[in-house]
Amino acid sequence: MQTELINEHLVIFVVSTTGSGHEPRAMTPLWNMLLRADLPEDLFEDLAFATFGLGDSAYEKFCWPAKLLSRRLVKLGATEICARGEGDDQHHLGIDGALGPWMKQLSSVLTQIFPLPDGVVAESPDSLPPPRISISDASAGAQLTRKDPLVVDREYHLATVTCNKRITAEDWYQDVRHFEFAFDDDIQYNPGDVAVIHPETIAEDVESFLSCISYANSADDPINIRHTLEDQSLPDHLPTTTTLREIFTRYVDINAVPRRSFFALLKHFAQDELEREKLEEFLSEEGADEMYEYCQRPRRTIREVLEEFRSAKIPREYVFDLFPPLRPRQFSIASSVKASHQYSRSIHLCIAIVQYRTMLKIPRRGVCTSWLSRLKPGDQLQIGIQKGFITLPTDSKTPVICIGPGTGVAPMRAVIQERVRQGIYEDTLYFGCRSASKDHHYGDEWRAYATNGELTYRAAFSRDGPEGTARTYVQALIREDAKRIWELVGKRDAWVYISGSANKMPAAVREAIQYALVSEGGMSEEDATEYVVRMEKEGRLIEECWS
């Protein structure tokens, strides 16, 4: 794509955000090309473009890649024809809150720049679009002879579950598991890398859903899938021969909270007039708040919506248009392949099992984590390995400071295991949780390292203090250790890793480091802020956080 961009006259970019303001992996080659210092300022003088960013305002660098891309293209001579749109997961309507208005604005601009020929009328946005696939019946044994695309993908490896152990107290509100997977392959990964897992929807949920939408009788009939609209994507690793049961188990997400586009397509399939009117009402500008109250606010799922709109007759060719893909999940690897011989062909994960109740008191389970929680020793699955954002210093003498409260400690465990194995004993871990006796993940390991002089360990237990006293979090400990932080960060160029929930913690940790630079290093507030920003640019401060 990067080599062809110079020949384009109009490009519409839709750019997601990964990590704490990083571009998606697919964009990295293009971005590296655009950052070259030898590019002329008029390189894209013939290019018109528009950009829509996908992000989450809970993160400090909201829609950062989209913003940087827009600025860089303009600097290289391109013309931005429409104000940049920024979809926010925190908006009560999700990205639809910004996407709809932006698309209207973009359509208006495009029709001015490229007016329709005489006699050509724009297609109504309310018309039923063609499906992205066609389906034909397959022979009875076709599915048995086909190869599973996930199994033949060399980026994935067959893993066997050897451990699925709860590491929070049995009476604790949160169920956090330690998983261990063994491989026959000689797998390779580095601290900070992530395991990629394709989940499956629980069988009983799929069975009831198939009955709800009248697919139960044909659910196990083999079918052939042909991709007819190739500009429309299909789920990863989708086989060309499959069944409807397999599609709803492995490839589309029936437990997702539906977006506006789901209702816009569903209205074409509703047979009941009252149901169709209700769907039309949701889609109107006046009905946006009502749709939010019905769907997004109570976290009502696609499965639950279709149980209420029972007149809908969904053609099987539209399954990938109506239902969102069941996406693979990424988990930070919590082990080092170099830590010991027994780890050489294994991966450890530290995963919180997602369980909660909606405002309507309906229990919810995370699709992937609930599936993982049911795995038993001996069960097998395919696991991929991807490069993460964390990298280790090239100079092993460089100190490392790990800040990983909760399950954010997972990649820190990999870092510490590897560094200790290399005989590096000057690293520091700041861990935070609510209770030392309830959710102190890997506490025995950290204490053993500290006792042996292999790690400086600092733990904050926010709910263990006396009633009425201020709660202690990791950032408070960093402030207490200001002198040591200055020695490590200011004088010895330590690297800092921050991992965990992207609420207030990452910003508070940055402020605590800045406090050390000011109080112990004598910097001004402005210089301390700039120093931390420079650390990030140099790769000495790395965040791996999630919302």
# chains A, B, ... in the order shown; residues from 1 in each chain; ligands from 1
call {"tool": "select_by_dssp", "arguments": {"residues": "segment 111-302 of chain A", "states": "strand (DSSP E or B)", "output": "number ranges by chain"}}
result
A: 133-137, 156-166, 176-183, 194-197, 223-227, 241-242, 252
call {"tool": "residues_around", "arguments": {"residues": "Glu275 of chain A", "least_positions_apart": "2", "cutoff": "9 Å", "atoms": "only C-alpha atoms", "output": "list of chain:residue names"}}
result
A:Lys267, A:Ala270, A:Gln271, A:Asp272, A:Glu273, A:Glu277, A:Lys278, A:Leu279, A:Glu280, A:Glu308, A:Phe309, A:Arg310, A:Ser311, A:Ala312
call {"tool": "residues_around", "arguments": {"residues": "Ile513 of chain A", "least_positions_apart": "2", "cutoff": "12 Å", "atoms": "only C-alpha atoms", "output": "PyMOL selection string"}}
result
chain A and resi 401+403+474-490+494-496+498+506-511+515-521+523+525+528-533+535+541
call {"tool": "select_by_dssp", "arguments": {"residues": "segment 123-267 of chain A", "states": "alpha helix (DSSP H)", "output": "PyMOL selection string"}}
result
chain A and resi 142-145+149-152+203-212+244-246+260-266
call {"tool": "residues_around", "arguments": {"residues": "Leu47 of chain A", "least_positions_apart": "5", "cutoff": "9 Å", "atoms": "only C-alpha atoms", "output": "list of chain:residue names"}}
result
A:Leu5, A:Ile6, A:Asn7, A:Glu8, A:His9, A:Leu10, A:Val11, A:Leu73, A:Gly77, A:Ala78, A:Thr79, A:Glu80
call {"tool": "write_last_selection", "arguments": {"atoms": "N, CA, C and O atoms", "output": "compact mmCIF listing (two decimals), in the first residue's frame"}}
result
# COMPACT_ATOMS: atom_id res chain seq x y z
N LEU A 5 0.51 4.53 -2.71
CA LEU A 5 -0.20 5.72 -2.24
C LEU A 5 0.08 6.94 -3.10
O LEU A 5 -0.79 7.77 -3.34
N ILE A 6 1.30 7.05 -3.60
CA ILE A 6 1.68 8.23 -4.38
C ILE A 6 0.89 8.33 -5.68
O ILE A 6 0.76 9.41 -6.27
N ASN A 7 0.32 7.21 -6.15
CA ASN A 7 -0.44 7.22 -7.41
C ASN A 7 -1.93 7.45 -7.20
O ASN A 7 -2.67 7.55 -8.17
N GLU A 8 -2.36 7.54 -5.96
CA GLU A 8 -3.78 7.72 -5.67
C GLU A 8 -4.15 9.20 -5.65
O GLU A 8 -3.33 10.06 -5.31
N HIS A 9 -5.42 9.46 -5.99
CA HIS A 9 -5.91 10.85 -5.97
C HIS A 9 -6.89 11.09 -4.83
O HIS A 9 -7.10 12.22 -4.41
N LEU A 10 -7.50 10.02 -4.34
CA LEU A 10 -8.43 10.14 -3.22
C LEU A 10 -8.32 8.90 -2.34
O LEU A 10 -8.44 7.78 -2.83
N VAL A 11 -8.07 9.12 -1.05
CA VAL A 11 -7.98 8.00 -0.11
C VAL A 11 -8.75 8.36 1.16
O VAL A 11 -8.62 9.48 1.68
N LEU A 73 0.36 13.85 6.43
CA LEU A 73 -0.05 13.93 5.03
C LEU A 73 -0.17 15.38 4.57
O LEU A 73 0.25 15.73 3.46
N GLY A 77 1.97 17.76 1.58
CA GLY A 77 1.29 18.37 0.44
C GLY A 77 -0.10 17.89 0.15
O GLY A 77 -0.76 18.41 -0.76
N ALA A 78 -0.61 16.90 0.88
CA ALA A 78 -1.95 16.38 0.63
C ALA A 78 -3.01 17.37 1.11
O ALA A 78 -2.75 18.22 1.97
N THR A 79 -4.23 17.23 0.59
CA THR A 79 -5.34 18.11 0.95
C THR A 79 -6.38 17.31 1.73
O THR A 79 -6.90 16.30 1.23
N GLU A 80 -6.67 17.77 2.94
CA GLU A 80 -7.69 17.11 3.76
C GLU A 80 -9.04 17.72 3.42
O GLU A 80 -9.30 18.90 3.68
call {"tool": "atom_distance", "arguments": {"atom1": "atom CA of Leu360 of chain A", "atom2": "atom CA of Val305 of chain A"}}
result
14.4 Å
call {"tool": "closest_atom_pairs", "arguments": {"of": "segment 356-393 of chain A", "to": "segment 292-304 of chain A", "cutoff": "9 Å", "atoms": "only C-alpha atoms", "output": "tab-separated table"}}
result
residue	atom	partner	partner_atom	distance
A:Thr358	CA	A:Pro298	CA	5.8
A:Met359	CA	A:Pro298	CA	5.6
A:Leu360	CA	A:Pro298	CA	6.4
A:Ile362	CA	A:Pro298	CA	8.9
call {"tool": "write_last_selection", "arguments": {"atoms": "all heavy atoms", "output": "CSV table (one decimal), in the first residue's frame"}}
result
chain,number,residue,atom,x,y,z
A,358,THR,N,-25.5,-6.8,34.6
A,358,THR,CA,-25.9,-5.5,34.0
A,358,THR,C,-26.8,-4.7,34.9
A,358,THR,O,-27.2,-5.2,36.0
A,358,THR,CB,-26.7,-5.8,32.7
A,358,THR,OG1,-28.0,-6.4,33.0
A,358,THR,CG2,-25.9,-6.8,31.8
A,359,MET,N,-27.2,-3.6,34.5
A,359,MET,CA,-28.1,-2.7,35.3
A,359,MET,C,-29.5,-3.4,35.5
A,359,MET,O,-30.2,-3.1,36.4
A,359,MET,CB,-28.3,-1.4,34.6
A,359,MET,CG,-28.8,-1.4,33.2
A,359,MET,SD,-29.2,0.2,32.6
A,359,MET,CE,-30.7,0.6,33.5
A,360,LEU,N,-29.8,-4.4,34.6
A,360,LEU,CA,-31.0,-5.2,34.7
A,360,LEU,C,-30.8,-6.4,35.5
A,360,LEU,O,-31.7,-7.3,35.6
A,360,LEU,CB,-31.5,-5.5,33.3
A,360,LEU,CG,-31.9,-4.3,32.4
A,360,LEU,CD1,-32.3,-4.9,31.0
A,360,LEU,CD2,-32.9,-3.4,33.0
A,362,ILE,N,-28.8,-8.8,34.9
A,362,ILE,CA,-28.6,-10.0,34.1
A,362,ILE,C,-27.1,-10.4,34.2
A,362,ILE,O,-26.3,-9.5,33.9
A,362,ILE,CB,-29.1,-9.8,32.7
A,362,ILE,CG1,-30.6,-9.4,32.6
A,362,ILE,CG2,-28.8,-11.0,31.8
A,362,ILE,CD1,-31.1,-9.0,31.3
call {"tool": "closest_atom_pairs", "arguments": {"of": "segment 132-201 of chain A", "to": "segment 223-245 of chain A", "cutoff": "9 Å", "atoms": "only C-alpha atoms", "output": "JSON lines"}}
result
{"residue": "A:Arg132", "atom": "CA", "partner": "A:Leu229", "partner_atom": "CA", "distance": 4.6}
{"residue": "A:Ile133", "atom": "CA", "partner": "A:His227", "partner_atom": "CA", "distance": 4.6}
{"residue": "A:Ser134", "atom": "CA", "partner": "A:Arg226", "partner_atom": "CA", "distance": 5.3}
{"residue": "A:Ile135", "atom": "CA", "partner": "A:Ile225", "partner_atom": "CA", "distance": 4.9}
{"residue": "A:Ser136", "atom": "CA", "partner": "A:Asn224", "partner_atom": "CA", "distance": 5.2}
{"residue": "A:Asp137", "atom": "CA", "partner": "A:Ile223", "partner_atom": "CA", "distance": 4.5}
{"residue": "A:Ala138", "atom": "CA", "partner": "A:Ile223", "partner_atom": "CA", "distance": 4.6}
{"residue": "A:Ser139", "atom": "CA", "partner": "A:Ile223", "partner_atom": "CA", "distance": 7.9}
{"residue": "A:Ala142", "atom": "CA", "partner": "A:Thr241", "partner_atom": "CA", "distance": 6.9}
{"residue": "A:Gln143", "atom": "CA", "partner": "A:Thr241", "partner_atom": "CA", "distance": 5.9}
{"residue": "A:Arg146", "atom": "CA", "partner": "A:Thr241", "partner_atom": "CA", "distance": 7.0}
{"residue": "A:Lys147", "atom": "CA", "partner": "A:Pro239", "partner_atom": "CA", "distance": 7.8}
{"residue": "A:Asp148", "atom": "CA", "partner": "A:Pro239", "partner_atom": "CA", "distance": 6.5}
{"residue": "A:Pro149", "atom": "CA", "partner": "A:His237", "partner_atom": "CA", "distance": 5.2}
{"residue": "A:Leu150", "atom": "CA", "partner": "A:His237", "partner_atom": "CA", "distance": 5.7}
{"residue": "A:Asp153", "atom": "CA", "partner": "A:His237", "partner_atom": "CA", "distance": 8.5}
call {"tool": "write_last_selection", "arguments": {"atoms": "N, CA, C and O atoms", "output": "short mmCIF file (atom, residue, chain, number, x, y, z; two decimals), in the first residue's frame"}}
result
data_model
loop_
_atom_site.label_atom_id
_atom_site.label_comp_id
_atom_site.auth_asym_id
_atom_site.auth_seq_id
_atom_site.Cartn_x
_atom_site.Cartn_y
_atom_site.Cartn_z
N ARG A 132 -22.28 -10.12 1.32
CA ARG A 132 -20.86 -10.23 0.95
C ARG A 132 -20.45 -11.65 0.56
O ARG A 132 -19.34 -11.86 0.09
N ILE A 133 -21.34 -12.62 0.79
CA ILE A 133 -21.03 -14.00 0.41
C ILE A 133 -22.22 -14.61 -0.31
O ILE A 133 -23.34 -14.12 -0.23
N SER A 134 -21.95 -15.71 -1.00
CA SER A 134 -23.03 -16.58 -1.48
C SER A 134 -22.80 -17.94 -0.84
O SER A 134 -21.66 -18.32 -0.51
N ILE A 135 -23.88 -18.68 -0.63
CA ILE A 135 -23.81 -19.98 0.04
C ILE A 135 -24.47 -21.03 -0.84
O ILE A 135 -25.54 -20.80 -1.41
N SER A 136 -23.80 -22.16 -0.93
CA SER A 136 -24.38 -23.31 -1.64
C SER A 136 -24.21 -24.55 -0.77
O SER A 136 -23.32 -24.61 0.08
N ASP A 137 -25.07 -25.51 -0.96
CA ASP A 137 -24.99 -26.74 -0.17
C ASP A 137 -23.77 -27.54 -0.61
O ASP A 137 -23.45 -27.64 -1.80
N ALA A 138 -23.07 -28.11 0.39
CA ALA A 138 -21.89 -28.93 0.11
C ALA A 138 -22.25 -30.40 0.25
O ALA A 138 -23.28 -30.76 0.83
N SER A 139 -21.39 -31.25 -0.25
CA SER A 139 -21.62 -32.69 -0.13
C SER A 139 -21.50 -33.11 1.32
O SER A 139 -20.84 -32.46 2.13
N ALA A 142 -17.99 -33.23 2.98
CA ALA A 142 -17.04 -32.17 2.61
C ALA A 142 -16.34 -31.58 3.82
O ALA A 142 -15.13 -31.29 3.78
N GLN A 143 -17.07 -31.38 4.91
CA GLN A 143 -16.46 -30.75 6.08
C GLN A 143 -15.41 -31.65 6.73
O GLN A 143 -14.45 -31.17 7.32
N ARG A 146 -11.99 -31.21 4.75
CA ARG A 146 -11.36 -29.89 4.62
C ARG A 146 -10.34 -29.66 5.74
O ARG A 146 -10.40 -30.25 6.81
N LYS A 147 -9.40 -28.77 5.50
CA LYS A 147 -8.39 -28.42 6.49
C LYS A 147 -8.82 -27.16 7.23
O LYS A 147 -9.29 -26.19 6.62
N ASP A 148 -8.65 -27.16 8.55
CA ASP A 148 -8.97 -25.99 9.36
C ASP A 148 -7.91 -24.92 9.11
O ASP A 148 -6.72 -25.15 9.35
N PRO A 149 -8.30 -23.74 8.59
CA PRO A 149 -7.29 -22.70 8.30
C PRO A 149 -6.45 -22.30 9.51
O PRO A 149 -5.29 -21.92 9.35
N LEU A 150 -7.00 -22.41 10.71
CA LEU A 150 -6.24 -22.04 11.90
C LEU A 150 -5.14 -23.07 12.18
O LEU A 150 -4.06 -22.73 12.66
N ASP A 153 -2.19 -22.59 9.65
CA ASP A 153 -1.51 -21.29 9.75
C ASP A 153 -0.23 -21.47 10.58
O ASP A 153 -0.28 -21.86 11.74
#
call {"tool": "closest_residue", "arguments": {"among": "A:Ser16, A:Asn190, A:Ser261, A:Ser124", "to": "Leu93 of chain A", "atoms": "only C-alpha atoms"}}
result
A:Ser261
call {"tool": "closest_residue", "arguments": {"among": "A:Lys165, A:Lys338, A:His441, A:Lys75", "to": "Arg177 of chain A", "atoms": "only C-alpha atoms"}}
result
A:Lys165
call {"tool": "residues_around", "arguments": {"residues": "Gly443 of chain A", "least_positions_apart": "2", "cutoff": "12 Å", "atoms": "only C-alpha atoms", "output": "count of residues only"}}
result
29
call {"tool": "residues_around", "arguments": {"residues": "Glu41 of chain A", "least_positions_apart": "2", "cutoff": "12 Å", "atoms": "only C-alpha atoms", "output": "NGL selection string"}}
result
:A and (34-39 or 43-45 or 72-78)
call {"tool": "write_last_selection", "arguments": {"atoms": "all heavy atoms", "output": "compact mmCIF listing (two decimals), in the first residue's frame"}}
result
# COMPACT_ATOMS: atom_id res chain seq x y z
N LEU A 34 6.19 7.12 5.67
CA LEU A 34 5.81 8.54 5.73
C LEU A 34 6.74 9.35 6.61
O LEU A 34 6.84 10.58 6.46
CB LEU A 34 4.37 8.67 6.23
CG LEU A 34 3.27 8.14 5.30
CD1 LEU A 34 1.91 8.23 5.97
CD2 LEU A 34 3.26 8.91 3.98
N LEU A 35 7.42 8.71 7.55
CA LEU A 35 8.31 9.42 8.47
C LEU A 35 9.71 9.64 7.90
O LEU A 35 10.54 10.30 8.55
CB LEU A 35 8.41 8.66 9.79
CG LEU A 35 7.16 8.67 10.68
CD1 LEU A 35 7.39 7.83 11.93
CD2 LEU A 35 6.76 10.09 11.06
N ARG A 36 9.98 9.11 6.72
CA ARG A 36 11.31 9.31 6.13
C ARG A 36 11.64 10.78 5.98
O ARG A 36 10.82 11.58 5.51
CB ARG A 36 11.39 8.60 4.78
CG ARG A 36 11.60 7.11 4.87
CD ARG A 36 11.49 6.43 3.52
NE ARG A 36 12.12 7.18 2.44
CZ ARG A 36 12.03 6.86 1.15
NH1 ARG A 36 11.30 5.81 0.80
NH2 ARG A 36 12.63 7.59 0.25
N ALA A 37 12.85 11.15 6.34
CA ALA A 37 13.25 12.56 6.32
C ALA A 37 13.50 13.08 4.91
O ALA A 37 13.50 14.30 4.69
CB ALA A 37 14.50 12.75 7.19
N ASP A 38 13.69 12.17 3.96
CA ASP A 38 14.04 12.61 2.61
C ASP A 38 12.82 12.81 1.70
O ASP A 38 12.97 13.03 0.49
CB ASP A 38 15.00 11.61 1.96
CG ASP A 38 14.40 10.21 1.83
OD1 ASP A 38 13.39 9.95 2.51
OD2 ASP A 38 14.96 9.40 1.07
N LEU A 39 11.62 12.73 2.24
CA LEU A 39 10.42 12.89 1.40
C LEU A 39 10.20 14.37 1.07
O LEU A 39 10.25 15.23 1.96
CB LEU A 39 9.19 12.33 2.12
CG LEU A 39 9.21 10.83 2.44
CD1 LEU A 39 7.92 10.43 3.14
CD2 LEU A 39 9.40 10.01 1.16
N LEU A 43 5.13 15.85 -2.06
CA LEU A 43 5.01 14.46 -2.52
C LEU A 43 3.57 14.09 -2.84
O LEU A 43 3.29 13.41 -3.82
CB LEU A 43 5.56 13.52 -1.44
CG LEU A 43 5.49 12.02 -1.74
CD1 LEU A 43 6.39 11.67 -2.92
CD2 LEU A 43 5.87 11.19 -0.52
N PHE A 44 2.62 14.56 -2.00
CA PHE A 44 1.22 14.18 -2.17
C PHE A 44 0.36 15.37 -2.59
O PHE A 44 -0.79 15.48 -2.19
CB PHE A 44 0.69 13.58 -0.87
CG PHE A 44 1.34 12.27 -0.48
CD1 PHE A 44 1.99 12.15 0.74
CD2 PHE A 44 1.32 11.19 -1.33
CE1 PHE A 44 2.60 10.97 1.11
CE2 PHE A 44 1.93 9.99 -0.98
CZ PHE A 44 2.57 9.88 0.25
N GLU A 45 0.91 16.23 -3.42
CA GLU A 45 0.17 17.43 -3.82
C GLU A 45 -1.09 17.10 -4.61
O GLU A 45 -2.01 17.91 -4.69
CB GLU A 45 1.06 18.38 -4.62
CG GLU A 45 1.58 17.80 -5.92
CD GLU A 45 2.46 18.79 -6.67
OE1 GLU A 45 2.59 19.94 -6.19
OE2 GLU A 45 3.01 18.42 -7.73
N ARG A 72 0.77 14.53 9.14
CA ARG A 72 1.91 14.19 8.29
C ARG A 72 1.54 14.30 6.82
O ARG A 72 2.34 14.80 6.00
CB ARG A 72 2.39 12.77 8.61
CG ARG A 72 3.63 12.33 7.84
CD ARG A 72 4.80 13.25 8.11
NE ARG A 72 6.01 12.81 7.42
CZ ARG A 72 7.04 13.61 7.16
NH1 ARG A 72 7.01 14.90 7.53
NH2 ARG A 72 8.12 13.14 6.54
N LEU A 73 0.36 13.85 6.43
CA LEU A 73 -0.05 13.93 5.03
C LEU A 73 -0.17 15.38 4.57
O LEU A 73 0.25 15.73 3.46
CB LEU A 73 -1.37 13.19 4.82
CG LEU A 73 -1.31 11.66 4.90
CD1 LEU A 73 -2.70 11.06 4.86
CD2 LEU A 73 -0.44 11.09 3.78
N VAL A 74 -0.74 16.23 5.42
CA VAL A 74 -0.84 17.66 5.08
C VAL A 74 0.54 18.26 4.91
O VAL A 74 0.80 19.06 3.99
CB VAL A 74 -1.65 18.40 6.16
CG1 VAL A 74 -1.53 19.91 5.98
CG2 VAL A 74 -3.12 17.98 6.12
N LYS A 75 1.46 17.87 5.79
CA LYS A 75 2.84 18.38 5.72
C LYS A 75 3.53 17.96 4.43
O LYS A 75 4.43 18.65 3.93
CB LYS A 75 3.64 17.91 6.92
CG LYS A 75 4.92 18.68 7.16
CD LYS A 75 5.53 18.35 8.50
CE LYS A 75 6.77 19.20 8.75
NZ LYS A 75 7.39 18.92 10.07
N LEU A 76 3.08 16.82 3.86
CA LEU A 76 3.66 16.33 2.62
C LEU A 76 2.85 16.75 1.40
O LEU A 76 2.99 16.18 0.32
CB LEU A 76 3.78 14.80 2.67
CG LEU A 76 4.80 14.25 3.68
CD1 LEU A 76 4.70 12.74 3.78
CD2 LEU A 76 6.22 14.68 3.31
N GLY A 77 1.97 17.76 1.58
CA GLY A 77 1.29 18.37 0.44
C GLY A 77 -0.10 17.89 0.15
O GLY A 77 -0.76 18.41 -0.76
N ALA A 78 -0.61 16.90 0.88
CA ALA A 78 -1.95 16.38 0.63
C ALA A 78 -3.01 17.37 1.11
O ALA A 78 -2.75 18.22 1.97
CB ALA A 78 -2.14 15.03 1.31
call {"tool": "closest_residue", "arguments": {"among": "A:Cys163, A:Val415, A:Val196, A:Val109", "to": "Leu375 of chain A", "atoms": "only C-alpha atoms"}}
result
A:Cys163
call {"tool": "closest_residue", "arguments": {"among": "A:Asp171, A:Glu23, A:Glu526, A:Asp96", "to": "Trp64 of chain A", "atoms": "only C-alpha atoms"}}
result
A:Glu23
call {"tool": "atom_distance", "arguments": {"atom1": "atom CA of Ile383 of chain A", "atom2": "atom CA of Arg154 of chain A"}}
result
10.5 Å
call {"tool": "closest_residue", "arguments": {"among": "A:Thr162, A:Thr28, A:Thr391, A:Ser70", "to": "Phe13 of chain A", "atoms": "only C-alpha atoms"}}
result
A:Ser70
call {"tool": "decode", "arguments": {"residues": "segment 3-18 of chain A", "atoms": "C-alpha atoms", "output": "PDB file, in the first residue's frame"}}
result
ATOM      1  CA  THR A   3       4.326   2.248  -2.573  1.00  0.00           C
ATOM      2  CA  GLU A   4       0.963   2.742  -4.308  1.00  0.00           C
ATOM      3  CA  LEU A   5      -0.199   5.720  -2.239  1.00  0.00           C
ATOM      4  CA  ILE A   6       1.682   8.227  -4.382  1.00  0.00           C
ATOM      5  CA  ASN A   7      -0.435   7.219  -7.411  1.00  0.00           C
ATOM      6  CA  GLU A   8      -3.776   7.719  -5.669  1.00  0.00           C
ATOM      7  CA  HIS A   9      -5.910  10.848  -5.971  1.00  0.00           C
ATOM      8  CA  LEU A  10      -8.434  10.143  -3.221  1.00  0.00           C
ATOM      9  CA  VAL A  11      -7.982   7.998  -0.110  1.00  0.00           C
ATOM     10  CA  ILE A  12     -10.249   7.589   2.908  1.00  0.00           C
ATOM     11  CA  PHE A  13      -8.341   6.331   5.940  1.00  0.00           C
ATOM     12  CA  VAL A  14     -10.012   4.576   8.872  1.00  0.00           C
ATOM     13  CA  VAL A  15      -7.358   4.230  11.564  1.00  0.00           C
ATOM     14  CA  SER A  16      -7.642   2.300  14.816  1.00  0.00           C
ATOM     15  CA  THR A  17      -5.522   2.853  17.926  1.00  0.00           C
ATOM     16  CA  THR A  18      -3.585   0.122  19.702  1.00  0.00           C
TER      17      THR A  18
END
